[in-house]
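Asks: Next up, upload_23.tsv (TSV, C-alpha atoms).
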chain	number	residue	atom	x	y	z
K	1	LEU	CA	104.25	75.63	-60.14
K	2	THR	CA	102.42	78.87	-59.33
K	3	SER	CA	100.26	81.42	-61.14
K	4	GLY	CA	101.56	84.64	-59.66
K	5	ARG	CA	101.35	86.74	-62.78
K	6	GLU	CA	97.82	85.58	-63.58
K	7	ASN	CA	96.63	86.06	-59.99
K	8	GLY	CA	98.45	89.35	-59.44
K	9	VAL	CA	100.50	88.12	-56.47
K	10	ILE	CA	104.19	87.49	-55.76
K	11	TYR	CA	105.31	84.04	-54.59
K	12	ARG	CA	108.45	83.53	-52.48
K	13	ASP	CA	109.99	80.36	-51.11
K	14	GLY	CA	109.42	79.99	-47.38
K	15	PHE	CA	110.19	76.33	-46.68
K	16	ASP	CA	112.29	75.06	-43.81
K	17	GLU	CA	116.02	74.90	-44.53
K	18	ALA	CA	116.14	71.45	-42.92
K	19	TYR	CA	113.85	70.05	-45.60
K	20	ALA	CA	116.07	70.93	-48.54
K	21	SER	CA	119.50	70.04	-49.82
K	22	LYS	CA	121.41	73.02	-51.15
K	23	ILE	CA	123.91	73.26	-53.95
K	24	ARG	CA	125.76	76.56	-54.03
K	25	ASN	CA	128.45	78.32	-55.94
K	26	ILE	CA	129.33	81.94	-56.49
K	27	LEU	CA	126.74	82.40	-59.26
K	28	PHE	CA	123.61	80.65	-58.05
K	29	ARG	CA	121.95	78.64	-55.30
K	30	THR	CA	119.80	75.61	-55.99
K	31	ARG	CA	117.62	73.85	-53.43
K	32	ILE	CA	116.51	70.28	-53.92
K	33	ILE	CA	113.14	69.99	-52.17
K	34	THR	CA	112.64	66.82	-50.13
K	35	THR	CA	109.14	67.40	-48.77
K	36	ASP	CA	105.67	67.25	-50.34
K	37	SER	CA	104.40	70.38	-48.54
K	38	ILE	CA	106.25	73.60	-49.36
K	39	PRO	CA	105.39	76.81	-47.46
K	40	LEU	CA	105.23	79.78	-49.82
K	41	ILE	CA	104.88	83.44	-48.87
K	42	LEU	CA	102.43	85.36	-51.06
K	43	THR	CA	102.62	89.15	-51.29
K	44	ASN	CA	100.05	91.48	-52.78
K	45	PRO	CA	102.01	94.00	-54.92
K	46	ILE	CA	99.29	96.63	-54.48
K	47	ASN	CA	99.40	96.94	-50.69
K	48	SER	CA	102.22	94.55	-49.59
K	49	ASP	CA	99.84	92.43	-47.50
K	50	SER	CA	101.04	88.83	-47.19
K	51	LYS	CA	99.88	85.33	-46.36
K	52	ILE	CA	101.28	81.79	-46.31
K	53	VAL	CA	100.12	78.87	-48.43
K	54	LEU	CA	101.28	75.26	-48.60
K	55	LEU	CA	102.08	73.96	-52.06
K	56	ILE	CA	101.09	70.28	-51.94
K	57	ASN	CA	102.86	67.87	-54.31
K	58	LEU	CA	103.83	70.86	-56.47
K	59	LYS	CA	100.20	71.17	-57.61
K	60	ASN	CA	97.60	72.29	-55.07
K	61	GLU	CA	97.64	75.21	-52.66
K	62	ILE	CA	96.24	75.19	-49.12
K	63	GLU	CA	95.98	78.46	-47.15
K	64	LEU	CA	97.95	78.40	-43.92
K	65	THR	CA	97.18	82.02	-42.93
K	66	ASP	CA	94.87	84.80	-44.10
K	67	TRP	CA	95.98	88.01	-45.80
K	68	SER	CA	97.35	90.56	-43.30
K	69	ALA	CA	99.48	93.71	-43.22
K	70	ALA	CA	102.42	91.76	-41.87
K	71	ARG	CA	106.01	90.98	-42.75
K	72	ILE	CA	106.57	87.23	-42.45
K	73	LYS	CA	110.08	86.60	-41.14
K	74	ASN	CA	110.29	82.89	-40.41
K	75	ILE	CA	108.44	79.64	-41.17
K	76	LYS	CA	109.52	76.32	-39.69
K	77	HIS	CA	107.86	72.92	-40.00
K	78	ILE	CA	107.40	71.53	-36.47
K	79	ILE	CA	105.71	68.13	-36.71
K	80	ASP	CA	102.98	66.54	-38.83
K	81	ASN	CA	100.91	69.42	-40.27
K	82	LYS	CA	102.04	72.09	-37.78
K	83	TYR	CA	104.23	75.11	-38.58
K	84	PHE	CA	105.95	77.74	-36.48
K	85	VAL	CA	105.51	81.27	-37.88
K	86	GLN	CA	107.19	84.51	-36.83
K	87	GLN	CA	105.98	87.82	-38.23
K	88	GLU	CA	106.05	91.53	-37.52
K	89	THR	CA	103.81	94.50	-38.26
K	90	ILE	CA	104.32	98.25	-38.11
K	91	ASP	CA	103.32	98.29	-34.42
K	92	ARG	CA	104.16	94.78	-33.18
K	93	TYR	CA	107.49	92.98	-33.21
K	94	GLY	CA	107.93	89.24	-33.14
K	95	ASP	CA	104.44	87.75	-33.10
K	96	CYS	CA	105.11	84.00	-32.89
K	97	TYR	CA	102.57	81.21	-33.23
K	98	ILE	CA	102.13	77.57	-34.22
K	99	ILE	CA	99.43	76.91	-36.80
K	100	ASP	CA	98.23	73.80	-38.60
K	101	SER	CA	97.06	73.25	-42.16
K	102	HIS	CA	93.45	73.86	-41.03
K	103	LYS	CA	94.36	77.40	-39.87
K	104	GLN	CA	93.97	76.42	-36.23
K	105	ILE	CA	96.42	78.20	-33.91
K	106	HIS	CA	97.85	75.95	-31.18
K	107	TRP	CA	100.19	78.42	-29.46
K	108	ASN	CA	101.04	82.10	-29.74
K	109	PHE	CA	103.40	84.50	-28.04
K	110	GLU	CA	104.21	88.19	-28.47
K	111	LEU	CA	107.78	89.34	-27.89
K	112	ASN	CA	108.37	92.69	-26.17
K	113	GLN	CA	104.90	92.85	-24.68
K	114	HIS	CA	105.91	95.87	-22.59
K	115	LEU	CA	105.99	97.97	-25.78
K	116	THR	CA	102.19	97.87	-25.92
K	117	ASP	CA	102.24	100.55	-23.19
K	118	TYR	CA	103.37	103.14	-25.74
K	119	TYR	CA	101.77	104.94	-28.67
K	120	TRP	CA	102.57	103.33	-32.02
K	121	GLN	CA	102.05	104.33	-35.59
K	122	LYS	CA	99.81	102.88	-38.27
K	123	SER	CA	100.53	102.67	-42.00
K	124	ILE	CA	98.74	102.52	-45.34
K	125	MET	CA	99.76	102.13	-48.98
K	126	ILE	CA	99.37	105.04	-51.39
K	127	ASN	CA	98.69	104.04	-55.02
K	128	THR	CA	98.50	106.16	-58.14
K	129	LYS	CA	99.52	106.15	-61.81
K	130	ALA	CA	102.39	107.94	-63.51
K	131	ASN	CA	101.92	110.21	-66.50
K	132	ASP	CA	102.82	107.29	-68.77
K	133	GLY	CA	100.27	104.99	-67.09
K	134	GLU	CA	102.73	103.01	-64.95
K	135	PHE	CA	101.62	101.91	-61.48
K	136	LEU	CA	103.20	103.84	-58.58
K	137	ARG	CA	103.06	103.15	-54.86
K	138	GLY	CA	104.46	104.39	-51.57
K	139	GLY	CA	104.07	103.38	-47.94
K	140	LEU	CA	102.75	106.09	-45.61
K	141	ILE	CA	103.48	105.80	-41.89
K	142	TYR	CA	101.39	107.99	-39.57
K	143	PRO	CA	102.56	109.97	-36.55
K	144	ALA	CA	102.15	108.10	-33.28
K	145	ASN	CA	99.07	109.27	-31.34
K	146	TYR	CA	97.75	110.73	-34.60
K	147	ASP	CA	95.06	113.42	-34.41
K	148	ALA	CA	93.09	113.97	-37.64
K	149	ASN	CA	92.42	117.58	-36.66
K	150	LYS	CA	96.11	118.51	-36.73
K	151	GLU	CA	98.65	119.02	-39.51
K	152	TYR	CA	101.98	117.22	-39.42
K	153	PRO	CA	105.26	117.59	-41.35
K	154	MET	CA	106.49	114.67	-43.44
K	155	ILE	CA	109.85	113.02	-44.16
K	156	VAL	CA	110.32	111.19	-47.46
K	157	TYR	CA	112.93	108.42	-47.34
K	158	ILE	CA	114.21	107.13	-50.67
K	159	TYR	CA	116.26	104.12	-51.69
K	160	GLU	CA	115.09	102.34	-54.84
K	161	LYS	CA	111.92	100.49	-53.71
K	162	VAL	CA	110.96	100.80	-50.04
K	163	ALA	CA	107.14	100.92	-50.07
K	164	HIS	CA	106.96	97.43	-48.53
K	165	TRP	CA	108.65	98.82	-45.41
K	166	LYS	CA	105.23	100.07	-44.36
K	167	ASN	CA	104.84	96.65	-42.68
K	168	LYS	CA	108.27	96.72	-41.03
K	169	TYR	CA	108.65	97.11	-37.28
K	170	TRP	CA	111.16	99.82	-36.41
K	171	LEU	CA	112.69	99.53	-32.95
K	172	PRO	CA	112.90	103.16	-31.74
K	173	THR	CA	116.66	103.63	-31.35
K	174	TYR	CA	119.36	106.10	-32.34
K	175	LEU	CA	121.66	103.22	-33.33
K	176	ASN	CA	120.87	103.28	-37.07
K	177	SER	CA	123.56	102.73	-39.69
K	178	ASP	CA	121.97	105.25	-42.08
K	179	GLY	CA	120.59	107.68	-39.50
K	180	PHE	CA	116.97	106.84	-40.37
K	181	ASN	CA	114.37	105.40	-38.02
K	182	ALA	CA	110.69	105.61	-38.93
K	183	SER	CA	109.49	104.98	-35.37
K	184	LEU	CA	111.53	107.85	-33.94
K	185	LEU	CA	110.23	110.20	-36.60
K	186	SER	CA	106.66	109.02	-36.05
K	187	GLN	CA	106.90	109.45	-32.29
K	188	ASN	CA	108.22	112.97	-32.81
K	189	GLY	CA	105.19	113.98	-34.84
K	190	TYR	CA	106.15	113.24	-38.46
K	191	PHE	CA	104.51	111.38	-41.28
K	192	VAL	CA	107.03	109.13	-43.02
K	193	PHE	CA	106.67	108.38	-46.73
K	194	LEU	CA	108.42	105.41	-48.37
K	195	PRO	CA	108.07	105.51	-52.18
K	196	ASP	CA	108.96	102.92	-54.79
K	197	LEU	CA	110.96	104.72	-57.49
K	198	ARG	CA	111.52	103.84	-61.15
K	199	TYR	CA	114.73	104.00	-63.16
K	200	LYS	CA	115.84	103.84	-66.75
K	201	ARG	CA	119.24	102.58	-67.84
K	202	ASN	CA	121.65	105.50	-68.27
K	203	GLU	CA	118.86	107.88	-67.17
K	204	VAL	CA	118.63	107.24	-63.44
K	205	GLY	CA	116.81	110.49	-62.74
K	206	LYS	CA	114.35	110.31	-65.62
K	207	PHE	CA	111.22	109.52	-63.54
K	208	ILE	CA	112.22	110.46	-59.99
K	209	VAL	CA	110.99	114.04	-59.62
K	210	ASP	CA	107.69	113.59	-61.48
K	211	ASP	CA	106.90	110.29	-59.75
K	212	LEU	CA	107.66	111.75	-56.33
K	213	ARG	CA	105.44	114.75	-57.01
K	214	LEU	CA	102.55	112.52	-58.09
K	215	LEU	CA	102.92	110.21	-55.10
K	216	ILE	CA	103.17	113.05	-52.57
K	217	ASN	CA	100.11	114.75	-54.09
K	218	GLN	CA	98.22	111.46	-53.85
K	219	ALA	CA	99.31	111.03	-50.23
K	220	LYS	CA	97.98	114.52	-49.49
K	221	ASN	CA	94.70	113.66	-51.24
K	222	ASN	CA	94.40	110.56	-49.05
K	223	GLU	CA	95.46	112.29	-45.86
K	224	SER	CA	94.73	116.00	-45.47
K	225	SER	CA	96.76	116.18	-42.24
K	226	ILE	CA	100.01	116.15	-44.25
K	227	SER	CA	101.51	119.65	-44.33
K	228	VAL	CA	102.91	119.87	-47.87
K	229	ASP	CA	104.70	123.09	-46.90
K	230	ARG	CA	106.83	121.11	-44.43
K	231	VAL	CA	108.19	118.12	-46.33
K	232	GLY	CA	111.80	116.96	-46.04
K	233	ILE	CA	113.70	114.25	-47.87
K	234	MET	CA	116.54	111.93	-46.91
K	235	GLY	CA	118.43	108.95	-48.32
K	236	HIS	CA	121.61	106.97	-47.81
K	237	SER	CA	124.17	105.59	-50.29
K	238	PHE	CA	122.36	105.41	-53.64
K	239	GLY	CA	119.50	107.15	-51.85
K	240	GLY	CA	121.94	109.89	-50.89
K	241	TYR	CA	122.90	110.32	-54.54
K	242	GLN	CA	119.21	110.54	-55.43
K	243	VAL	CA	118.59	113.21	-52.78
K	244	MET	CA	121.40	115.34	-54.20
K	245	TYR	CA	119.98	114.92	-57.69
K	246	ILE	CA	116.42	115.76	-56.60
K	247	VAL	CA	117.28	118.99	-54.75
K	248	GLY	CA	119.05	120.14	-57.91
K	249	GLN	CA	115.81	119.69	-59.88
K	250	THR	CA	113.14	121.08	-57.53
K	251	ASN	CA	112.80	123.42	-54.54
K	252	PHE	CA	109.75	121.58	-53.18
K	253	PHE	CA	111.55	120.06	-50.18
K	254	LYS	CA	112.22	122.28	-47.18
K	255	GLY	CA	115.14	120.19	-45.93
K	256	ALA	CA	117.34	117.40	-47.29
K	257	VAL	CA	119.80	114.88	-45.82
K	258	ALA	CA	122.09	112.95	-48.19
K	259	GLY	CA	124.05	110.24	-46.41
K	260	ALA	CA	127.15	108.67	-48.04
K	261	GLY	CA	125.95	109.66	-51.51
K	262	VAL	CA	128.15	109.90	-54.59
K	263	SER	CA	128.47	113.57	-55.49
K	264	ASP	CA	131.19	113.34	-58.17
K	265	LEU	CA	130.41	110.65	-60.74
K	266	TYR	CA	133.65	111.15	-62.67
K	267	ASP	CA	135.76	110.72	-59.55
K	268	PHE	CA	133.69	107.72	-58.48
K	269	TYR	CA	134.14	106.07	-61.90
K	270	TYR	CA	137.93	106.42	-61.89
K	271	GLU	CA	138.18	105.14	-58.32
K	272	GLU	CA	136.99	101.74	-59.56
K	273	PRO	CA	139.71	99.14	-60.23
K	274	ASN	CA	140.99	98.78	-63.81
K	275	ARG	CA	139.61	102.14	-64.95
Output the file's structure as structure tokens, nothing else.

Replies:
Amino acid sequence: LTSGRENGVIYRDGFDEAYASKIRNILFRTRIITTDSIPLILTNPINSDSKIVLLINLKNEIELTDWSAARIKNIKHIIDNKYFVQQETIDRYGDCYIIDSHKQIHWNFELNQHLTDYYWQKSIMINTKANDGEFLRGGLIYPANYDANKEYPMIVYIYEKVAHWKNKYWLPTYLNSDGFNASLLSQNGYFVFLPDLRYKRNEVGKFIVDDLRLLINQAKNNESSISVDRVGIMGHSFGGYQVMYIVGQTNFFKGAVAGAGVSDLYDFYYEEPNR
């Protein structure tokens, strides 16, 4: 149906739930499509930009939106060729609009307009290659009210693959289940780095330290305002386990927070049922 691998993009289903019948069980979910126009969300794996296309009769694609550094949260078919879209960016939450298949916007509304009175962060994607040639990336969020003539400390947050969070809107609040909030850190004068990490079966830590070092060096090359002498690291759950592993391998980080991480693998293994 699509040519994602050939075109270097990721396709995801975005069609309206009301236009599909669903068959579910514990192992899989199947949707039987009952419309000729299927909204699909395309994501660029290099920078996590996204756009929406309509797949017509399972053959042709029509662009509904242009590429943008946005996180598309909701697509609903309204009537005829019109669609309701809700998206967010690093500095704007809940942009809502109605657009037609000719890219004409008929209505738009921004939630939480009062938040535009405050300083907000920007973000970019950092790309580099590992020592073995594999592609690496990480999202870099800037301090709010950034000044290029100053140096800022940086917090690295790890949990598997989180680079795409560079387009996520973070409501500045202390009510966070894992104690992490990129907006609060940004507004307190920190860079925030969100790397995608690689793993190998039975060798979870094989790439972590080297990949992190390469990505952080590349971030510093891109942005000289990062103070590499003041870099901390934090993670929660599996990310907490990774933090504990990393600080046992390198003294690069000046501070570390490991939330709810497994520190005793033998004990964890024998806590599982039927062990």

Asks: Pick out the residues sitting within 8 Å of Glu63 (chain K), and hand them over as a PDB file with C-alpha atoms, in the coordinates of the input; count all atoms listed in the file, and ignore anything fewer than 4 positions along from it in its own chain.

Replies:
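Wrote it out as around32.pdb, contents follow:
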ATOM      1  CA  LYS K  51      99.880  85.330 -46.360  1.00  0.00           C
ATOM      2  CA  ILE K  52     101.280  81.790 -46.310  1.00  0.00           C
ATOM      3  CA  VAL K  53     100.120  78.870 -48.430  1.00  0.00           C
ATOM      4  CA  LEU K  54     101.280  75.260 -48.600  1.00  0.00           C
ATOM      5  CA  SER K 101      97.060  73.250 -42.160  1.00  0.00           C
ATOM      6  CA  LYS K 103      94.360  77.400 -39.870  1.00  0.00           C
TER       7      LYS K 103
END

Asks: What is the CA of Arg137 (chain K) to CA of Ile90 (chain K) distance in Å?

Replies: 17.5 Å

Asks: Name the closest residue to Phe180 (chain K) among the candidates K:Tyr159, K:Tyr199, K:Tyr142, K:Tyr83; distances are taken between atoms, counting all atoms listed in the file.

Replies: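 Going through K:Tyr159, K:Tyr199, K:Tyr142, K:Tyr83 one by one, the smallest distance to Phe180 (chain K) is for K:Tyr159.
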
Asks: Write out as a list in words which residues come within 10 Å of Tyr118 (chain K) when counting only C-alpha atoms, dropping same-chain ones fewer than 6 positions away.

Replies: Asp91, Ala144, Asn145 and Gln187 of chain K

Asks: Identify which of the residues K:Asn112, K:Tyr157, K:Asn222, K:Leu58 lies closest to Thr128 (chain K), counting only C-alpha atoms when measuring atom-to-atom distances.

Replies: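 Once distances to Thr128 (chain K) are computed over only C-alpha atoms, the minimum belongs to K:Asn222.
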
Asks: So the first atom is CA of Gly139 (chain K) and the second is CA of Val228 (chain K); what is the distance between them in Å, to one decimal place?

Replies: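 Calculated distance between CA of Gly139 (chain K) and CA of Val228 (chain K) is 16.5 Å.
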
Asks: Please report as a Markdown table every residue of region 75-190 of chain K lying within 12 Å of region 248-254 of chain K, along with the nearest atom pair and their distance in Å (one decimal), using all atoms listed in the file.

Replies:
| residue | atom | partner | partner_atom | distance |
| --- | --- | --- | --- | --- |
| K:Pro153 | CA | K:Lys254 | CA | 10.2 |
| K:Met154 | CA | K:Phe253 | CA | 10.0 |
| K:Ile155 | CA | K:Phe253 | CA | 9.4 |
| K:Val156 | CA | K:Phe253 | CA | 9.4 |

Asks: Work out how far apart CA of Phe109 (chain K) and CA of Arg71 (chain K) are and give it in Å to one decimal.

Replies: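 Pair CA of Phe109 (chain K) / CA of Arg71 (chain K) returns 16.3 Å.
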
Asks: If we count all atoms listed in the file and set the cut-off at 10 Å, which residues sit around Ile78 (chain K), ignoring sequence neighbours fewer than 4 positions away in its own chain? Please answer as a list in words.

Replies: Asp16, Lys82, Tyr83, Phe84, Ile98, Ile99 and Asp100 of chain K

Asks: Using only C-alpha atoms for the distances, tell me which of K:His236, K:Arg213, K:Arg201, K:Lys166 is nearest to Ser48 (chain K).

Replies: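 Answer, going by the shortest atom-to-atom distance: K:Lys166.
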
Asks: When you count only C-alpha atoms, which of these residues is closest to Thr89 (chain K): K:Ser3, K:Asn149, K:Asn167, K:Asn181?

Replies: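 Once distances to Thr89 (chain K) are computed over only C-alpha atoms, the minimum belongs to K:Asn167.
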
Asks: Is it possible to get the residues within 8 Å of (117.6, 110.4, -50.2) (coordinates as in the file, counting all atoms listed in the file) written as a list in words?

Replies: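 The residues near that point, listed by chain and number, are Val156, Tyr157, Ile158, Tyr159, Ile233, Met234, Gly235, His236, Phe238, Gly239, Gly240, Tyr241, Gln242, Val243, Met244, Ala256, Val257, Ala258 and Gly259 of chain K.
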
Asks: Quick one: of K:Asn127, K:Arg12, K:Cys96, K:Tyr119, who's nearest to Asn221 (chain K), counting all atoms listed in the file?

Replies: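 Checking each candidate against Asn221 (chain K), we get K:Asn127 as the closest.
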
Asks: Between K:Lys129, K:Lys73, K:Lys168, K:Lys161, which has the minimum distance to Arg92 (chain K) (counting all atoms listed in the file)?

Replies: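 For Arg92 (chain K), the nearest of the given residues is K:Lys168.
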
Asks: For Asn47 (chain K), find every residue with an atom within 8 Å (counting only C-alpha atoms), except residues of its own chain fewer than 5 positions away, and show them as a ChimeraX atom specification.

Replies: /K:124-125,164

Asks: Take the residues from that selection and write them out as a PDB file, in the coordinates of the input, keeping C-alpha atoms.

Replies:
ATOM      1  CA  ILE K 124      98.740 102.520 -45.340  1.00  0.00           C
ATOM      2  CA  MET K 125      99.760 102.130 -48.980  1.00  0.00           C
ATOM      3  CA  HIS K 164     106.960  97.430 -48.530  1.00  0.00           C
TER       4      HIS K 164
END

Asks: Quick one: residues within 10 Å of Ser50 (chain K), all atoms listed in the file counted, chain neighbours fewer than 6 positions away excluded, as number ranges by chain?

Replies: K: 9-11, 41-44, 65-72, 167
